[in-house]
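Only one structure is covered here, and it is reproduced in the block below.
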Amino acid sequence: MVETKGPTGSPHGPAPSLWPLGFAIGLTVVLVGLVIGSWSAAAVGAVLMVAFGFIWVRDVVSGGEAEAASAVTPAAVPAEYVVDDEELETYGRGTFLGLTTLGLGGVITGLVALPVTGFAVLPAFVGQGTDDIDIGPIDDYPEGEFVVATFLSDPEQGEVSRRTAYVRNNGAKDGRPSFTILSNRCVHLGCPVQVNGLSLEDQKKVAKVEGGPSVELTPTQAASGFGCPCHGGQYDTEGNRTAGPPVRALDRYRFVIRDGRLVLADPYSVGRVDGKGADAVIRAYDWVNPSVHVDGPESILYPLEPPH
Amino acid sequence: MATTAPRKRKQPKLVTLVNYPLDWLEERSGIVGGVKYFLFRNVPRDSSWWHTLGSATLTAFLVQVGTGVILAFYYKPDPDKAYQSIQQITNDLTLGWLVRGMHRWGASVFIILMFFHMARVFLFGAYKYPRELNWIVGAALLITGMLEGFTGYLLPWDQTAYWATVVGVNINASAPFLGPFLAQFLRGGAEIGTNTLSIWYSLHMLLIPGALFALIGLHLYLVTRLGVSSPPWSKVAAGRERPPEQPNGRAGLTRGGRR
């Protein structure tokens with residue numbers, strides 16, 4: 001009971017209460033805990049839910065009686081309303097059976113609904129991520145120019161998983177090869193950015209990976225950056241935003257070189273890139289969705305990321 | 001009337017023939033009376049063509065249901081086949097172009113009529129007491145209807161559909177806190193893949209239409225219960241006395257008995 005003093009404007013409905021809010025927060029914590037796979041968070045949420053739910057229910061149940069009790073003192077009750085205690089059946093068989101039916105029904109509903117809900121939601125969040133992607137011998141990537149590489153990010157899914165990366169061989173730095181590998185997905189809303197420069201379609205090469213899907217390589221010339229056709233986002237050759245609505249720099253791929261072949265590993269998100277090519281200093285973050293801020297004050301709006 | 005009140009004089013044979021099954025049904029279910037109560041209820045004398053926009057929206061929805069069910073006969077929600085099946089429906093199957101066109105343009109008609117209906121209700125002040133709840137249900141219908149449009153747009157699986165959906169899902173992802181989770185749920189994974197199309201197909205033809213049916217039922221129930229409002233310029237309604245104030249503070253619309 002938050003407010004009991006004085007008559008209120010609305011005769012119906014309980015007084016405003018914060019307990020449902022606590023209950024809702026507990027529920028949210030449970031769901032978030034389940035999604036990010038943190039059992040401790042789910043347990044904390046469950047405890048919150050039970051505690052606040054109990055207080056809430058107690059408040060609702062006792063609210064009317066408490067008000068009536070405070071308004072009418074026992075002395076003021078007329079004699080004809082006073083019932084002999086022995087005639088009052090406080091907890092009858094019907095009540096018991098009714099509550100048992102409700103409770104059992106609730107348990108059965110929960111047993112059926114929980115796994116179904118889990119199947120509806122969890123496959124999108126569990127077991128994500130793809131294997132490394134072989135995109136051909138490094139000799140196919142001339143130094144200093146971007147090559148448009150399209151490949152299957154998940155060969156089991158087929159063509160629907162075809163993605164594009166802009167790959168530039170930066171030459172060797174301290175005897176180690178360096179590549180700049182930008183994802184073509186605009187970090188505004190995910191449209192495919194295009195090369196601002198010549199795309200040499202007639203020199204397109206299809207590099208067949210042994211036993212695997214095809215990788216198409218299209219060289220480019222004099223690329224001055226990248227532009228998005230959807231909403232006009234512009235990026236420079238390091239993927240830094242130069243104009244338009246994107247909120248960070250273009251995503252990149254980590255890479256390894258195996259037997260002279262370039263292999264893409266996980267994608268990652270980039271706040272900003274200082275410097276160029278092999279000397280670039282990259283502010284790297286775990287991969288996040290387009291339009292999600294990774295640095296700056298706005299990033300606190302995205303405290304949790306689903307498992308990718 | 002003929003179904004409920006038995007008549008003294010002899011009926012023509014044809015009338016008896018029509019009435020017999022209706023009487024049979026009414027006696028066992030009361031459904032004839034229910035339908036008559038729904039269809040032949042009183043409306044204000046000065047209700048006009050403006051009041052037909054809601055029925056028009058319902059008709060557009062039923063057209064979407066009918067054409068959608070038939071399109072589902074031939075559509076294949078598989079990334080390798082979806083586009084080809086749409087081409088087949090449009091170019092090869094007899095009258096497929098017509099039914100797909102009805103569904104495709106009818107979707108726009110449905111949304112536009114919803115907005116017209118909403119504008120009518122707003123400008124007539126028909127959302128006011130005691131019809132606020134029906135306005136809220138209508139708003140939920142608008143959102144659900146637009147979700148139908150959003151999910152249906154992906155199904156042709158052409159470039160426009162694909163990239164519009166990429167952008168739409170990423171707009172969801174840009175919502176703070178839970179946005180990325182919502183986007184990942186809609187994609188059926190971290191990336192758009194083989195399951196995305198079938199998930200959206202299922203949402204488009206099972207879950208969201210079910211919600212629409214339920215909400216429309218609630219909407220119509222409230223229309224029937226609360227009655228149709230007069231236009232704001234109504235002379236009929238203007239001269240009438242307010243219903244007497246009820247002890248519980250209600251205006252008397254929820255009294256028992258016939259209105």
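Identifiers for the structure tokens are assigned positionally: chains receive A, B, ... in sequence, residues are indexed from 1 per chain, and ligands are indexed from 1 in the order shown.
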
Check: which chain B residues lie within 8 Å of chain A using only C-alpha atoms, as a PyMOL selection string: chain B and resi 79+163+166-168+170-171+173-174+176-178+180-181+184-185+187-190+192-194

According to DSSP computed on the backbone, where in stretch 32-199 of chain A is there strand (DSSP E or B)? Give the residues as a ChimeraX atom specification. /A:133-137,143,146-152,162-173,176-183,185,192,194-195,198-199

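The gap separating atom CA of A:Pro213 from atom CA of A:Val147 is 18.3 Å, in Å to one decimal.
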
Hey, what does DSSP flag as helix (DSSP H, G or I) within stretch 143-208 of chain A? Can you give it to me as a PDB file with C-alpha atoms, in the first residue's frame?
ATOM      1  CA  PRO A 155      28.947 -23.477 -47.793  1.00  0.00           C
ATOM      2  CA  GLU A 156      26.271 -25.666 -46.171  1.00  0.00           C
ATOM      3  CA  GLN A 157      23.717 -22.891 -46.670  1.00  0.00           C
ATOM      4  CA  GLY A 158      24.624 -22.370 -50.305  1.00  0.00           C
ATOM      5  CA  GLU A 159      24.361 -19.208 -52.353  1.00  0.00           C
ATOM      6  CA  VAL A 160      22.224 -17.446 -49.754  1.00  0.00           C
ATOM      7  CA  SER A 161      25.363 -17.076 -47.663  1.00  0.00           C
ATOM      8  CA  GLU A 201      34.838  -6.832 -64.647  1.00  0.00           C
ATOM      9  CA  ASP A 202      36.656  -8.202 -67.706  1.00  0.00           C
ATOM     10  CA  GLN A 203      39.516  -9.423 -65.492  1.00  0.00           C
TER      11      GLN A 203
END
